[in-house]
Amino acid sequence: MNSRILRGLCALLLLPFPALASLGGDVTTVQADQAKMQGSLRTSSNNSYTLHEIQSSTGVAVKEYVASTGKVFAVTWQGPFHPDLRQLLGTYFDQFEQGEQAQRAQRRGHGPVLIQQAGLVVQISGHMRAFVGKAYVPQMLPAGVHAEDIR
Amino acid sequence: MKSERLQKFLYLSLATALAAMAGCSGASSSTSTGGGGSTPSVSNVAAISVNTGPTAGPPINSPYVDGAFTSVTLCAPGSTTNCQTIGGILVDTGSPGLRILSSALTISLPQQTASSGSPIVECLPFVDGITWGPVQTADMTIAGEQAKSLPIQVIGSSAFSNIPSSCTSFGAPEDDISVLGANGILGVGNLAQDCGPACTLPPSGGQNPGLYYACPAAGCEITAESLSSQVVNPIVLFPKDNNGVIIELPSVTGAETSISGSMIFGIGTQTNNGLGNATVYTIDPSSGNFTTVFDNVTYEDASFIDSGSNAIYFLDSNTTGMPTCSDATFWYCPTTTQNFSATNQGTNGASGPISFSVANADTLLASETIGVANGLGGPDAGTFDWGLPFFFGRTVYTAIEGQNTPAGVGPYWAY
């Protein structure tokens with residue numbers, strides 16, 4: 001299914017200006033992520049969403065999925081360190097942090113993060129120097145976009 | 001050959017006996033008899049115990065499951081009298097370095113400082129949260145091994161209670177025993193340092209990930225930290241047996257209260273730590289991962305072995321056909337125990353099958369006295385995290401990056 005999406009993607013294109021937002025935020029008003037990460041940016045789009053990819057200066061690859069409404073409905077990351085999750089998750093950061101703490105207590109040990117709430121899904125896995133993560137708001141997924149498409 | 005086996009058996013027996021003593025109780029403080037008549041241990045075998053950990057029972061009632069615990073002795077550098085033995089230390093092959101909760105530390109250790117004289121404080125992101133606290137120096141002894149002048153992280157120190165927001169942006173703090181589930185973490189993984197070269201870069205360049213801070217009286221600023229000052233895998237500082245570690249745990253059927261095993265230091269450096277018939281799987285040195293094939297799908301460079309993860313975390317419900325538990329979405333709850341097979345592949349082309357099973361986590365963990373559970377599994381979208389249940393019934397070798405072993409230079413895993 002991923003290849004279907006990929007086939008639909010336009011040719012990747014280097015943009016001179018950042019135009020990114022936190023999860024749930026508005027792409028037209030926030031340009032903070034790339035500046036914060038001092039990274040390079042490329043943007044591509046298909047019928048369902050626009051994908052902004054930032055390569056941060058610390059080696060973290062961040063993707064932000066923006067719906068036609070201009071809202072960021074999903075973010076993913078991969079790299080040797082975590083990205084700035086407060087910046088990336090925006091208004092969802094507090095919910096993430098509370099979920100992470102609650103899960104840690106319930107898990108009876110350490111392991112990957114898997115927050116599966118009605119209004120927020122966050123998955124973080126890996127180990128020191130190799131982390132992967134994704135976060136999305138299920139209600140904000142555009143029609144035809146599935147959770148598995150976000151990677 | 002026979003005598004080597006006998007020796008191994010004797011070591012294991014000794015380790016088992018010691019494990020019974022190691023237990024998992026809270027910090028125990030003792031003053032060394034310094035220079036007294038006891039014979040110094042030369043053993044490279046430390047006892048480990050998988051149990052409910054130091055947070056079991058009152059007053060915390062947050063029992064651990066599938067965590068391997070050991071104890072370490074810390075002394076002020078150069079001292080043989082200002083010492084303390086601390087139990088309930090989680091053995092983690094997924095990270096490097098020793099981290100001790102401030103609440104478990106009763107001796108005073110020297111603070112590492114920047115050239116400005118400001119204390120160095122570390123923010124270390126784990127997968128499920130961060131640890132924050134000052135870098136201090138100790139002589140660490142475990143079994144007969146010693147790491148002198150070892151930089152360690154002291155977590156949750158009241159002297160540095162204000163965590164910078166740039167640190168909590170990596171996750172929620174794990175700064176007390178109820179959250180950490182242990183009195184400390186002994187990181188004995190493939191990495192030599194916890195951050196590595198990136199943290200030696202000037203903070204102004206944007207390439208420093210910001211794990212080390214200089215904290216004068218007011219405010220903390222990210223600072224460059226040399227490799228030799230970073231919190232380091234203690235094994236690297238051992239005079240010998242410093243190229244890796246072996247974890248040996250017995251087989252487990254279902255759930256138990258506790259089991260005992262061994263942590264053997266060095267690979268091929270003594271008669272008791274040879275590779276024997278183990279297969280060496282080299283790993284991608286930049287990611288620390290190898291590859292797992294499951295159900296004809298290859299998860300390339302997305303798989304790792306980690307004693308600090310308390311289950312086998314892999315894929316998702318859609319892929320495995322197992323539902324997660326209704327009360328705990330991070331565990332699988334199949335109605336009957338499911339048997340799986342996967343193939344692990346090293347970057348050296350080594351390949352071998354792994355059989356494992358996943359049982360119903362709710363059933364396994366019905367009692368809070370359960371500290372060991374084989375078959376504990378959960379989702380981990382897109383990756384394989386071979387956590388502690390992988391170690392049950394196996395001898396697992398973890399070779400450290402850049403260190404020579406009879407099978408070549410680390411990093412690798414062998415089992």
# chains A, B, ... in the order shown; residues from 1 in each chain; ligands from 1
>>> interface_residues(of="chain A", to="chain B", cutoff="10 Å", atoms="only C-alpha atoms", output="ChimeraX atom specification")
/A:36-39,56-60,79-89,93-94,96-117,123-134,148,151
>>> residues_around(residues="Val297 of chain B", least_positions_apart="2", cutoff="12 Å", atoms="only C-alpha atoms", output="ChimeraX atom specification")
/B:291-295,299-300,315,319-320,342-344,382-383
>>> write_last_selection(atoms="N, CA and C atoms", output="PDB file, in the first residue's frame")
ATOM      1  N   THR B 291      19.451  -7.771  11.256  1.00  0.00           N
ATOM      2  CA  THR B 291      18.243  -7.953  10.446  1.00  0.00           C
ATOM      3  C   THR B 291      17.479  -9.184  10.919  1.00  0.00           C
ATOM      4  N   THR B 292      16.168  -9.076  10.927  1.00  0.00           N
ATOM      5  CA  THR B 292      15.330 -10.230  11.255  1.00  0.00           C
ATOM      6  C   THR B 292      14.349 -10.477  10.113  1.00  0.00           C
ATOM      7  N   VAL B 293      14.226 -11.757   9.742  1.00  0.00           N
ATOM      8  CA  VAL B 293      13.235 -12.147   8.737  1.00  0.00           C
ATOM      9  C   VAL B 293      12.107 -12.865   9.459  1.00  0.00           C
ATOM     10  N   PHE B 294      10.880 -12.421   9.226  1.00  0.00           N
ATOM     11  CA  PHE B 294       9.726 -13.003   9.892  1.00  0.00           C
ATOM     12  C   PHE B 294       8.610 -13.149   8.874  1.00  0.00           C
ATOM     13  N   ASP B 295       8.082 -14.352   8.751  1.00  0.00           N
ATOM     14  CA  ASP B 295       6.976 -14.590   7.835  1.00  0.00           C
ATOM     15  C   ASP B 295       7.317 -14.091   6.417  1.00  0.00           C
ATOM     16  N   TYR B 299      13.061  -7.496   7.841  1.00  0.00           N
ATOM     17  CA  TYR B 299      13.111  -6.236   8.577  1.00  0.00           C
ATOM     18  C   TYR B 299      14.582  -5.869   8.701  1.00  0.00           C
ATOM     19  N   GLU B 300      15.056  -5.148   7.676  1.00  0.00           N
ATOM     20  CA  GLU B 300      16.486  -4.925   7.535  1.00  0.00           C
ATOM     21  C   GLU B 300      16.978  -3.851   8.493  1.00  0.00           C
ATOM     22  N   LEU B 315       6.659  -6.115  15.780  1.00  0.00           N
ATOM     23  CA  LEU B 315       5.599  -5.929  14.790  1.00  0.00           C
ATOM     24  C   LEU B 315       4.298  -5.455  15.439  1.00  0.00           C
ATOM     25  N   THR B 319       0.074  -7.839  11.813  1.00  0.00           N
ATOM     26  CA  THR B 319       1.081  -8.711  11.224  1.00  0.00           C
ATOM     27  C   THR B 319       1.191 -10.039  11.961  1.00  0.00           C
ATOM     28  N   THR B 320       1.046  -9.990  13.276  1.00  0.00           N
ATOM     29  CA  THR B 320       1.240 -11.204  14.060  1.00  0.00           C
ATOM     30  C   THR B 320      -0.055 -11.973  14.273  1.00  0.00           C
ATOM     31  N   ALA B 342      11.593 -17.046  13.577  1.00  0.00           N
ATOM     32  CA  ALA B 342      12.162 -15.925  12.830  1.00  0.00           C
ATOM     33  C   ALA B 342      13.600 -16.286  12.511  1.00  0.00           C
ATOM     34  N   THR B 343      14.212 -15.527  11.615  1.00  0.00           N
ATOM     35  CA  THR B 343      15.623 -15.744  11.295  1.00  0.00           C
ATOM     36  C   THR B 343      16.384 -14.445  11.516  1.00  0.00           C
ATOM     37  N   ASN B 344      17.410 -14.516  12.333  1.00  0.00           N
ATOM     38  CA  ASN B 344      18.261 -13.344  12.516  1.00  0.00           C
ATOM     39  C   ASN B 344      19.446 -13.423  11.561  1.00  0.00           C
ATOM     40  N   GLY B 382       7.173  -2.358  13.270  1.00  0.00           N
ATOM     41  CA  GLY B 382       8.234  -2.340  12.262  1.00  0.00           C
ATOM     42  C   GLY B 382       9.574  -2.874  12.711  1.00  0.00           C
ATOM     43  N   THR B 383       9.732  -3.149  14.001  1.00  0.00           N
ATOM     44  CA  THR B 383      11.041  -3.583  14.480  1.00  0.00           C
ATOM     45  C   THR B 383      10.919  -4.823  15.368  1.00  0.00           C
TER      46      THR B 383
END
>>> atom_distance(atom1="atom CA of Ser228 of chain B", atom2="atom CA of Val280 of chain B")
28.7 Å
>>> residues_around(residues="Pro119 of chain B", least_positions_apart="6", cutoff="8 Å", atoms="only C-alpha atoms", output="list in words")
Gln111, Gln112, Thr113, Pro134, Val135, Ala214, Cys215 and Pro216 of chain B
>>> atom_distance(atom1="atom CA of Ala159 of chain B", atom2="atom CA of Thr200 of chain B")
25.0 Å
>>> select_by_dssp(residues="segment 113-332 of chain B", states="strand (DSSP E or B)", output="CSV table (one decimal) with C-alpha atoms, in the first residue's frame")
chain,number,residue,atom,x,y,z
B,113,THR,CA,33.3,19.8,36.1
B,119,PRO,CA,29.3,21.0,37.2
B,120,ILE,CA,28.6,18.7,34.3
B,121,VAL,CA,25.0,17.3,34.2
B,122,GLU,CA,23.7,14.8,31.8
B,123,CYS,CA,20.4,14.4,30.0
B,124,LEU,CA,20.2,10.8,28.7
B,125,PRO,CA,17.3,9.9,26.4
B,126,PHE,CA,16.2,6.3,26.6
B,129,GLY,CA,12.0,8.5,28.9
B,130,ILE,CA,15.0,10.5,30.1
B,131,THR,CA,17.4,10.4,33.0
B,132,TRP,CA,18.8,13.7,34.3
B,133,GLY,CA,21.6,14.2,36.8
B,134,PRO,CA,25.2,15.1,37.5
B,135,VAL,CA,28.2,13.2,36.2
B,136,GLN,CA,30.3,12.0,39.1
B,137,THR,CA,33.3,9.8,39.3
B,138,ALA,CA,33.7,6.5,41.2
B,139,ASP,CA,35.8,3.3,41.3
B,140,MET,CA,33.3,0.6,40.5
B,141,THR,CA,33.8,-3.0,41.4
B,142,ILE,CA,31.7,-5.9,40.2
B,145,GLU,CA,36.5,-6.6,38.0
B,146,GLN,CA,37.2,-2.9,38.7
B,147,ALA,CA,36.6,0.2,36.6
B,148,LYS,CA,38.6,3.0,38.2
B,149,SER,CA,37.7,6.7,37.9
B,150,LEU,CA,34.5,5.7,36.1
B,151,PRO,CA,32.3,8.6,35.0
B,152,ILE,CA,28.7,7.7,36.1
B,153,GLN,CA,25.4,9.5,36.1
B,154,VAL,CA,23.7,10.2,39.4
B,155,ILE,CA,19.9,10.4,38.6
B,173,PRO,CA,11.9,12.0,33.4
B,184,GLY,CA,20.3,2.1,38.9
B,185,ILE,CA,21.1,0.9,35.4
B,186,LEU,CA,24.3,-1.0,34.5
B,187,GLY,CA,24.7,-0.4,30.8
B,188,VAL,CA,26.9,-3.1,29.3
B,193,GLN,CA,30.1,5.8,25.3
B,212,TYR,CA,25.7,17.1,28.3
B,213,TYR,CA,25.2,20.4,30.1
B,214,ALA,CA,27.4,22.7,32.2
B,221,GLU,CA,23.8,25.3,29.0
B,222,ILE,CA,24.6,22.5,26.6
B,232,VAL,CA,31.3,5.1,29.5
B,244,GLY,CA,32.3,-7.6,26.1
B,245,VAL,CA,30.0,-9.5,28.3
B,246,ILE,CA,28.1,-12.8,28.4
B,247,ILE,CA,24.7,-13.1,29.9
B,248,GLU,CA,23.6,-16.6,30.9
B,249,LEU,CA,20.1,-17.4,32.1
B,255,ALA,CA,6.0,-17.6,34.9
B,256,GLU,CA,8.1,-17.8,38.0
B,259,ILE,CA,15.6,-17.1,38.5
B,260,SER,CA,19.4,-16.8,38.9
B,261,GLY,CA,22.0,-16.5,36.2
B,262,SER,CA,25.4,-15.1,35.5
B,263,MET,CA,27.0,-12.1,33.9
B,264,ILE,CA,30.5,-13.1,32.7
B,265,PHE,CA,32.9,-10.4,31.7
B,280,VAL,CA,28.7,-14.5,15.7
B,281,TYR,CA,26.2,-11.9,14.3
B,282,THR,CA,28.0,-8.7,13.5
B,290,PHE,CA,21.0,-6.5,12.6
B,291,THR,CA,18.2,-8.0,10.4
B,292,THR,CA,15.3,-10.2,11.3
B,293,VAL,CA,13.2,-12.1,8.7
B,294,PHE,CA,9.7,-13.0,9.9
B,297,VAL,CA,9.4,-10.3,5.3
B,298,THR,CA,12.8,-8.9,5.9
B,299,TYR,CA,13.1,-6.2,8.6
B,300,GLU,CA,16.5,-4.9,7.5
B,301,ASP,CA,18.7,-3.2,10.0
B,302,ALA,CA,15.7,-2.9,12.4
B,303,SER,CA,16.3,-5.6,15.0
B,304,PHE,CA,18.3,-5.7,18.2
B,305,ILE,CA,19.0,-7.7,21.4
B,312,ILE,CA,10.0,-9.5,23.1
B,313,TYR,CA,8.5,-6.5,21.3
B,314,PHE,CA,7.8,-7.1,17.7
B,315,LEU,CA,5.6,-5.9,14.8
B,324,THR,CA,-3.1,-6.7,22.4
B,332,TYR,CA,-0.1,-9.2,23.3
>>> select_by_dssp(residues="segment 162-408 of chain B", states="alpha helix (DSSP H)", output="list in words")
Ser165, Ser166, Cys167, Thr168, Ile177, Ser178, Val179, Leu180, Ser317, Asn318, Thr319, Thr320, Ala361, Asp362, Thr363 and Leu364 of chain B
>>> write_last_selection(atoms="N, CA and C atoms", output="PDB file, in the first residue's frame")
ATOM      1  N   SER B 165      14.081  22.389  29.758  1.00  0.00           N
ATOM      2  CA  SER B 165      13.008  21.928  28.868  1.00  0.00           C
ATOM      3  C   SER B 165      13.589  21.267  27.616  1.00  0.00           C
ATOM      4  N   SER B 166      14.809  21.666  27.243  1.00  0.00           N
ATOM      5  CA  SER B 166      15.436  21.018  26.088  1.00  0.00           C
ATOM      6  C   SER B 166      15.741  19.553  26.362  1.00  0.00           C
ATOM      7  N   CYS B 167      15.799  19.185  27.648  1.00  0.00           N
ATOM      8  CA  CYS B 167      16.000  17.776  28.011  1.00  0.00           C
ATOM      9  C   CYS B 167      14.668  17.041  28.070  1.00  0.00           C
ATOM     10  N   THR B 168      13.675  17.635  28.738  1.00  0.00           N
ATOM     11  CA  THR B 168      12.371  16.948  28.818  1.00  0.00           C
ATOM     12  C   THR B 168      11.675  16.904  27.454  1.00  0.00           C
ATOM     13  N   ILE B 177      12.797   5.926  42.035  1.00  0.00           N
ATOM     14  CA  ILE B 177      12.825   4.463  41.972  1.00  0.00           C
ATOM     15  C   ILE B 177      11.517   3.883  41.442  1.00  0.00           C
ATOM     16  N   SER B 178      10.405   4.566  41.728  1.00  0.00           N
ATOM     17  CA  SER B 178       9.137   3.996  41.271  1.00  0.00           C
ATOM     18  C   SER B 178       9.024   4.066  39.746  1.00  0.00           C
ATOM     19  N   VAL B 179       9.633   5.067  39.153  1.00  0.00           N
ATOM     20  CA  VAL B 179       9.584   5.191  37.699  1.00  0.00           C
ATOM     21  C   VAL B 179      10.694   4.368  37.042  1.00  0.00           C
ATOM     22  N   LEU B 180      11.874   4.416  37.637  1.00  0.00           N
ATOM     23  CA  LEU B 180      13.008   3.691  37.056  1.00  0.00           C
ATOM     24  C   LEU B 180      12.855   2.184  37.262  1.00  0.00           C
ATOM     25  N   SER B 317      -0.347  -6.104  15.787  1.00  0.00           N
ATOM     26  CA  SER B 317      -1.438  -7.078  15.800  1.00  0.00           C
ATOM     27  C   SER B 317      -1.803  -7.538  14.394  1.00  0.00           C
ATOM     28  N   ASN B 318      -1.817  -6.609  13.456  1.00  0.00           N
ATOM     29  CA  ASN B 318      -2.174  -6.967  12.079  1.00  0.00           C
ATOM     30  C   ASN B 318      -1.224  -8.014  11.522  1.00  0.00           C
ATOM     31  N   THR B 319       0.074  -7.839  11.813  1.00  0.00           N
ATOM     32  CA  THR B 319       1.081  -8.711  11.224  1.00  0.00           C
ATOM     33  C   THR B 319       1.191 -10.039  11.961  1.00  0.00           C
ATOM     34  N   THR B 320       1.046  -9.990  13.276  1.00  0.00           N
ATOM     35  CA  THR B 320       1.240 -11.204  14.060  1.00  0.00           C
ATOM     36  C   THR B 320      -0.055 -11.973  14.273  1.00  0.00           C
ATOM     37  N   ALA B 361      -0.441 -12.192  28.115  1.00  0.00           N
ATOM     38  CA  ALA B 361       0.249 -11.433  29.169  1.00  0.00           C
ATOM     39  C   ALA B 361      -0.617 -11.314  30.419  1.00  0.00           C
ATOM     40  N   ASP B 362      -1.917 -11.166  30.239  1.00  0.00           N
ATOM     41  CA  ASP B 362      -2.794 -11.061  31.410  1.00  0.00           C
ATOM     42  C   ASP B 362      -2.714 -12.327  32.255  1.00  0.00           C
ATOM     43  N   THR B 363      -2.671 -13.484  31.581  1.00  0.00           N
ATOM     44  CA  THR B 363      -2.574 -14.752  32.296  1.00  0.00           C
ATOM     45  C   THR B 363      -1.212 -14.902  32.955  1.00  0.00           C
ATOM     46  N   LEU B 364      -0.150 -14.576  32.193  1.00  0.00           N
ATOM     47  CA  LEU B 364       1.207 -14.706  32.724  1.00  0.00           C
ATOM     48  C   LEU B 364       1.408 -13.881  33.981  1.00  0.00           C
TER      49      LEU B 364
END
>>> atom_distance(atom1="atom CA of Ala407 of chain B", atom2="atom CA of Gly266 of chain B")
12.5 Å
>>> residues_around(residues="Ser103 of chain B", least_positions_apart="5", cutoff="9 Å", atoms="only C-alpha atoms", output="list in words")
Ala27, Ile155, Gly156, Ser157, Asp176, Ile177 and Asn183 of chain B
>>> write_last_selection(atoms="N, CA and C atoms", output="short mmCIF file (atom, residue, chain, number, x, y, z; two decimals), in the first residue's frame")
data_model
loop_
_atom_site.label_atom_id
_atom_site.label_comp_id
_atom_site.auth_asym_id
_atom_site.auth_seq_id
_atom_site.Cartn_x
_atom_site.Cartn_y
_atom_site.Cartn_z
N ALA B 27 19.04 -0.42 48.35
CA ALA B 27 20.46 -0.17 48.51
C ALA B 27 20.93 -0.65 49.87
N ILE B 155 21.28 9.96 39.06
CA ILE B 155 19.94 10.39 38.59
C ILE B 155 19.14 10.96 39.74
N GLY B 156 18.45 12.06 39.46
CA GLY B 156 17.50 12.59 40.43
C GLY B 156 18.15 13.30 41.61
N SER B 157 19.29 13.91 41.37
CA SER B 157 19.97 14.63 42.45
C SER B 157 19.21 15.91 42.78
N ASP B 176 13.06 8.71 39.71
CA ASP B 176 12.97 8.11 41.04
C ASP B 176 12.73 6.61 40.91
N ILE B 177 12.80 5.93 42.03
CA ILE B 177 12.83 4.46 41.97
C ILE B 177 11.52 3.88 41.44
N ASN B 183 17.43 0.57 41.35
CA ASN B 183 18.29 1.56 42.03
C ASN B 183 19.29 2.18 41.07
#
>>> closest_residue(among="B:Ser118, B:Trp386, B:Ser108, B:Ile60", to="Ala76 of chain B", atoms="only C-alpha atoms")
B:Ser108
>>> residues_around(residues="Ser43 of chain B", least_positions_apart="2", cutoff="8 Å", atoms="only C-alpha atoms", output="list in words")
Ser41, Val45, Ala46, Ala143, Gly144 and Glu145 of chain B
>>> decode(residues="segment 87-98 of chain A", atoms="N, CA and C atoms", output="CSV table (one decimal), in the first residue's frame")
chain,number,residue,atom,x,y,z
A,87,GLN,N,8.6,20.3,20.4
A,87,GLN,CA,8.4,21.1,19.2
A,87,GLN,C,7.6,20.3,18.2
A,88,LEU,N,7.9,19.1,18.0
A,88,LEU,CA,7.3,18.2,17.0
A,88,LEU,C,5.9,17.8,17.3
A,89,LEU,N,5.6,17.6,18.6
A,89,LEU,CA,4.2,17.1,18.9
A,89,LEU,C,3.4,18.3,19.3
A,90,GLY,N,4.0,19.5,19.5
A,90,GLY,CA,3.2,20.7,19.7
A,90,GLY,C,2.2,20.6,20.9
A,91,THR,N,0.9,20.8,20.6
A,91,THR,CA,0.0,20.8,21.7
A,91,THR,C,-0.3,19.4,22.2
A,92,TYR,N,0.2,18.4,21.5
A,92,TYR,CA,0.0,17.0,22.0
A,92,TYR,C,1.1,16.5,22.9
A,93,PHE,N,2.1,17.4,23.1
A,93,PHE,CA,3.3,16.9,23.9
A,93,PHE,C,2.9,16.5,25.3
A,94,ASP,N,2.0,17.4,25.9
A,94,ASP,CA,1.7,17.0,27.3
A,94,ASP,C,1.0,15.7,27.4
A,95,GLN,N,0.1,15.5,26.5
A,95,GLN,CA,-0.7,14.2,26.4
A,95,GLN,C,0.3,13.0,26.2
A,96,PHE,N,1.3,13.3,25.4
A,96,PHE,CA,2.3,12.2,25.1
A,96,PHE,C,3.1,12.0,26.4
A,97,GLU,N,3.5,13.0,27.1
A,97,GLU,CA,4.4,12.8,28.3
A,97,GLU,C,3.6,12.1,29.4
A,98,GLN,N,2.3,12.5,29.6
A,98,GLN,CA,1.5,11.8,30.6
A,98,GLN,C,1.3,10.3,30.2
